[in-house]
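K.L.:
Shown below is the structure under consideration.
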Amino acid sequence: MKKRNFVFRLVLAALILIGSASLYSQDWPQFRGPGRDSKVTGFTAPSAWPAELSQQWKVSVGTGDATPLLVSGRLYLHTRQGDDEIVICLDAATGREVWKSSYAAPPVTGPSASHPGPRSTPALSNGRIVTMGVSGIISCLDASTGKVVWRKENPSNAVPQFFTGMSPLIEDNLCIVHTGTRDKGEVLALDLKSGSERWKWSGDGPSYASPSVMLQGGKKIIVVQTESNLMGLDFADGKMIWKVPTQPQQRFYNCTSPYVNGDIIYYTGQGSGTRAVQVSKTGDNYTVKELWSNPQAGAKWTTPVLKDGYLYGFNDQRRIYCINASTGQTAWTDETTNSDFATISDCGQVLVGFPGTGNLIVFRPDGKAYSEIVRYKVSDTPVYAFPVIAGNNIYVKDAESLILYRVN
């Protein structure tokens with residue numbers, strides 16, 4: 001009997017460890033996921049997709065378009081409730097509130113008034129969560145308690161035309177943000193622990209894109225899409241080491257983020273198509289070479305995802321497309337009309353598109369033709385955030401609620 005109990009305890013402990021490792025591998029700690037590349041880990045597609053997803057719970061959390069974070073069994077959201085912006089922590093299994101922190105935030109005015117809540121997805125690292133409010137207020141909170149560690153106000157309310165839309169990046173205990181207004185911006189590197197400024201680059205105003213990190217010649221480079229340039233900043237001191245003009249076309253604006261794959265960067269924009277450039281280093285000099293340009297396949301808002309040598313996304317004609325990442329040639333374009341605003345995630349065996357229509361679209365990664373598996377209606381209000389997919393759980397942030405669906 002004792003031996004049996006001992007074996008049972010060993011098996012139980014092993015299952016707990018496996019479950020913990022699986023949960024950790026499925027964390028979504030920042031914009032576009034763990035690698036900032038829209039790739040979901042730890043997901044296994046069912047052999048047969050159900051006719052409907054099973055709703056587990058739904059809680060009101062406030063207005064906002066920022067994607068929730070999922071870290072170690074907790075969800076973190078940045079939203080607006082009344083006159084305040086709030087950061088709220090929920091238990092991921094039950095939706096129960098763990099803590100909430102709030103601060104007064106200026107109202108959103110003008111053409112953006114229909115989106116009064118934060119658009120910038122927070123970032124969480126080393127027990128600290130950093131948020132950027134719609135009016136440019138930057139906050140760092142203790143992720144376990146919600147206590148404010150530091151906060152950077154924006155007394156001049158200097159923001160882009162449609163308010164902030166850049167999601168912070170945390171790398172090596174530095175928080176990278178792009179602040180400012182048209183023609184006058186600053187990329188700041190802030191110490192995660194204290195909020196003190198480590199370096200600053202001044203120049204272009206911010207776009208509605210978010211930075212990423214690339215490694216080139218043993219050096220970390222911050223890849224930033226500004227209002228008019230794609231540029232690389234030295235992670236150590238913030239000095240600009242290369243740039244590519246990306247002037248918006250047809251009076252549009254830059255709001256897709258660069259997709260970094262090794263030394264190649266893919267970038268796109270409404271009316272400007274999609275391009276691939278390669279960054280190389282010889283001695284102390286950097287060279288950026290354009291590999292290809294596809295003027296027909298551009299995106300208004302959706303950063304594409306790279307899967308098995310192909311780029312998949314939603315174009316500025318509201319359709320799902322596929323581009324050969326080596327040649328730049330369009331492989332196919334589906335004729336179904338979706339939405340200007342959409343996200344796309346690589347879930348391994350399948351791709352998941354999530355347009356603002358509230359339809360969760362599951363399709364196969366296939367460079368020959370569009371192959372849809374199933375689509376689910378998961379929201380009756382417009383959606384602008386990524387679905388957070390972990391195991392068989394799918395968290396959906398709509399206009400004012402957070403919903404947990406399960407793939408049974």
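To be explicit about the labels: the chains of the structure tokens are called A, B, and onward in the order shown, and within each one the residues are counted from 1, while ligands get numbers from 1 in the order they are shown.
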Please provide the set of residues having any atom within 6 Å of stretch 206-208 of chain A, restricted to only C-alpha atoms, with same-chain residues fewer than 4 positions apart removed, written as a CSV table (one decimal) with N, CA and C atoms, in the first residue's frame.

P.N.:
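New file around-v1.csv:
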chain,number,residue,atom,x,y,z
A,165,GLY,N,-0.3,54.2,-30.2
A,165,GLY,CA,-0.6,52.8,-30.7
A,165,GLY,C,0.6,51.9,-30.7
A,166,MET,N,1.6,52.3,-30.0
A,166,MET,CA,2.9,51.6,-29.9
A,166,MET,C,2.9,50.7,-28.6
A,178,HIS,N,8.4,54.5,-27.9
A,178,HIS,CA,8.6,55.6,-28.8
A,178,HIS,C,7.5,56.6,-28.5
A,185,GLY,N,9.7,63.1,-32.2
A,185,GLY,CA,9.5,61.9,-31.4
A,185,GLY,C,10.8,61.6,-30.7
A,226,THR,N,9.0,54.2,-37.8
A,226,THR,CA,8.5,55.6,-37.4
A,226,THR,C,7.4,56.0,-38.3
A,227,GLU,N,7.1,57.3,-38.3
A,227,GLU,CA,6.0,57.8,-39.2
A,227,GLU,C,6.5,57.8,-40.6
A,254,ASN,N,1.7,54.7,-41.2
A,254,ASN,CA,2.3,53.4,-40.9
A,254,ASN,C,1.7,52.9,-39.6
A,255,CYS,N,1.1,51.7,-39.7
A,255,CYS,CA,0.6,51.1,-38.5
A,255,CYS,C,0.8,49.6,-38.5

K.L.:
Tell me, as a PyMOL selection string, which residues lie within 9 Å of stretch 131-147 of chain A, counting only C-alpha atoms; anything in the same chain fewer than 6 positions away does not count.

P.N.:
chain A and resi 76+78-79+85+87-89+98-101+105-108+116-125+153-155+157-159+163-168+177+179-180+192-193+195

K.L.:
Could you name the residues that touch A:Thr343 at 7 Å or less, counting only C-alpha atoms, but leaving out those on the same chain fewer than 5 positions away, as a ChimeraX atom specification?

P.N.:
/A:302,353-355,386

K.L.:
Which is closer to A:Gln225 than all the others in A:Thr256, A:Gln249, A:Ser202, A:Thr282, using only C-alpha atoms?

P.N.:
A:Thr256

K.L.:
Of the candidates A:Asn359, A:Ser194, A:Gly110, A:Ile176, which one gets nearest to A:Arg151 if we count only C-alpha atoms?

P.N.:
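Closest to A:Arg151 of all the choices is A:Ser194.
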
K.L.:
Among the residues of stretch 65-103 of chain A, find those DSSP assigns to strand (DSSP E) from the backbone and print them as a PyMOL selection string.

P.N.:
chain A and resi 69-71+74-81+84-91+97-103

K.L.:
Leaving out stretch 28-40 of chain A and any residue of its chain fewer than 2 positions from it, which residues lie within 10 Å of it when counting only C-alpha atoms, given as an MDAnalysis selection string?

P.N.:
chainID A and resid 24:26 42:43 66:72 75:76 120:125 129:130 166:170 210:213 257:261 303:307 343:348 351:352 385:386 388:391

K.L.:
Convert the current residue selection to file output with C-alpha atoms, as a PDB file, in the first residue's frame.

P.N.:
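File written: result_19.pdb
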ATOM      1  CA  TYR A  24       4.810  28.435 -19.049  1.00  0.00           C
ATOM      2  CA  SER A  25       5.483  27.518 -22.674  1.00  0.00           C
ATOM      3  CA  GLN A  26       2.120  28.979 -23.596  1.00  0.00           C
ATOM      4  CA  GLY A  42       2.155  24.542 -27.001  1.00  0.00           C
ATOM      5  CA  PHE A  43      -0.981  24.334 -29.148  1.00  0.00           C
ATOM      6  CA  ALA A  66      -4.847  46.190 -26.197  1.00  0.00           C
ATOM      7  CA  THR A  67      -4.176  42.455 -26.196  1.00  0.00           C
ATOM      8  CA  PRO A  68      -4.289  40.767 -22.764  1.00  0.00           C
ATOM      9  CA  LEU A  69      -1.142  39.172 -21.366  1.00  0.00           C
ATOM     10  CA  LEU A  70      -1.088  35.607 -20.056  1.00  0.00           C
ATOM     11  CA  VAL A  71       1.756  34.783 -17.664  1.00  0.00           C
ATOM     12  CA  SER A  72       1.928  31.906 -15.178  1.00  0.00           C
ATOM     13  CA  LEU A  75      -4.196  37.500 -17.177  1.00  0.00           C
ATOM     14  CA  TYR A  76      -3.222  41.173 -17.286  1.00  0.00           C
ATOM     15  CA  SER A 120      -0.856  49.570 -26.632  1.00  0.00           C
ATOM     16  CA  THR A 121      -0.365  45.997 -25.430  1.00  0.00           C
ATOM     17  CA  PRO A 122       1.582  45.878 -22.145  1.00  0.00           C
ATOM     18  CA  ALA A 123       4.834  43.944 -21.673  1.00  0.00           C
ATOM     19  CA  LEU A 124       5.747  41.797 -18.670  1.00  0.00           C
ATOM     20  CA  SER A 125       9.238  40.697 -17.651  1.00  0.00           C
ATOM     21  CA  ILE A 129       4.427  44.933 -16.158  1.00  0.00           C
ATOM     22  CA  VAL A 130       4.803  48.077 -18.270  1.00  0.00           C
ATOM     23  CA  MET A 166       2.881  51.562 -29.913  1.00  0.00           C
ATOM     24  CA  SER A 167       3.394  48.594 -27.583  1.00  0.00           C
ATOM     25  CA  PRO A 168       6.405  48.708 -25.227  1.00  0.00           C
ATOM     26  CA  LEU A 169       9.314  46.300 -25.653  1.00  0.00           C
ATOM     27  CA  ILE A 170      11.279  44.919 -22.686  1.00  0.00           C
ATOM     28  CA  SER A 210       5.796  48.496 -32.334  1.00  0.00           C
ATOM     29  CA  PRO A 211       9.545  47.802 -32.164  1.00  0.00           C
ATOM     30  CA  SER A 212      11.342  44.459 -32.276  1.00  0.00           C
ATOM     31  CA  VAL A 213      14.882  43.207 -31.665  1.00  0.00           C
ATOM     32  CA  SER A 257       5.047  46.436 -37.295  1.00  0.00           C
ATOM     33  CA  PRO A 258       8.226  45.124 -38.932  1.00  0.00           C
ATOM     34  CA  TYR A 259       8.557  41.342 -38.940  1.00  0.00           C
ATOM     35  CA  VAL A 260      12.129  40.290 -38.135  1.00  0.00           C
ATOM     36  CA  ASN A 261      13.458  36.911 -39.255  1.00  0.00           C
ATOM     37  CA  THR A 303       1.530  42.544 -39.536  1.00  0.00           C
ATOM     38  CA  PRO A 304       1.961  39.303 -41.508  1.00  0.00           C
ATOM     39  CA  VAL A 305       3.258  36.060 -40.020  1.00  0.00           C
ATOM     40  CA  LEU A 306       6.014  33.924 -41.563  1.00  0.00           C
ATOM     41  CA  LYS A 307       5.284  30.205 -41.837  1.00  0.00           C
ATOM     42  CA  THR A 343      -4.547  39.793 -36.449  1.00  0.00           C
ATOM     43  CA  ILE A 344      -3.013  36.522 -37.551  1.00  0.00           C
ATOM     44  CA  SER A 345      -1.309  33.871 -35.402  1.00  0.00           C
ATOM     45  CA  ASP A 346       0.838  30.862 -36.238  1.00  0.00           C
ATOM     46  CA  CYS A 347      -0.476  27.992 -34.120  1.00  0.00           C
ATOM     47  CA  GLY A 348       1.726  25.287 -35.602  1.00  0.00           C
ATOM     48  CA  LEU A 351      -3.093  29.574 -38.761  1.00  0.00           C
ATOM     49  CA  VAL A 352      -5.697  31.615 -36.898  1.00  0.00           C
ATOM     50  CA  ALA A 385      -6.730  42.541 -30.055  1.00  0.00           C
ATOM     51  CA  PHE A 386      -4.980  39.240 -30.658  1.00  0.00           C
ATOM     52  CA  VAL A 388      -4.534  34.649 -26.638  1.00  0.00           C
ATOM     53  CA  ILE A 389      -4.324  30.910 -27.300  1.00  0.00           C
ATOM     54  CA  ALA A 390      -2.971  28.551 -24.641  1.00  0.00           C
ATOM     55  CA  GLY A 391      -3.562  24.817 -24.798  1.00  0.00           C
TER      56      GLY A 391
END

K.L.:
Near A:Asp340, counting only C-alpha atoms, which residues have an atom at most 12 Å away, once you skip same-chain residues fewer than 3 positions from it, shown as a VMD selection string?

P.N.:
chain A and resid 255 to 256 269 to 270 298 to 303 313 to 320 337 343 354 to 357 382 to 384

K.L.:
With only C-alpha atoms as the atoms that count, which of A:Thr63, A:Gln81, A:Ser54, A:Thr268 lies nearest to A:Ile323?

P.N.:
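Among A:Thr63, A:Gln81, A:Ser54, A:Thr268, it is A:Thr268 that comes nearest to A:Ile323.
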
K.L.:
Between atom CA of A:Leu404 and atom CA of A:Lys58, what is the distance, to one decimal in Å?

P.N.:
6.5 Å

K.L.:
Determine, counting only C-alpha atoms, which protein, DNA and RNA residues have an atom within 7 Å of an atom of A:Trp57; residues of the same chain fewer than 2 positions away are not included. Present the result as a PyMOL selection string.

P.N.:
chain A and resi 55+59+95+403-404

K.L.:
In terms of the shortest atom-to-atom distance over only C-alpha atoms, which of A:Val149, A:Ala342, A:Leu230, A:Ala92 is closest to A:Gly127?

P.N.:
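With only C-alpha atoms as the atom set, the closest residue is A:Val149.
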
K.L.:
Between atom CA of A:Gly205 and atom CA of A:Pro295, measure the distance and give it in Å to one decimal.

P.N.:
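Going from atom CA of A:Gly205 over to atom CA of A:Pro295, I get 25.1 Å.
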
K.L.:
Atom CA of A:Cys322 to atom CA of A:Tyr310: how many Å, to one decimal?

P.N.:
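These atoms are spaced 6.5 Å apart.
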
K.L.:
Could you go through stretch 11-254 of chain A and tell me which residues DSSP, when run on the backbone, assigns to alpha helix (DSSP H), listing them as a PyMOL selection string?

P.N.:
chain A and resi 11-25

K.L.:
Near A:Glu52, within 12 Å and counting only C-alpha atoms, which residues show up once chain neighbours fewer than 4 positions away are dropped, as a count of residues only?

P.N.:
12

K.L.:
Using only C-alpha atoms, which of the listed residues (A:Gly358, A:Gly273, A:Pro248, A:Pro365) sits closest to A:Gly309?

P.N.:
A:Pro365
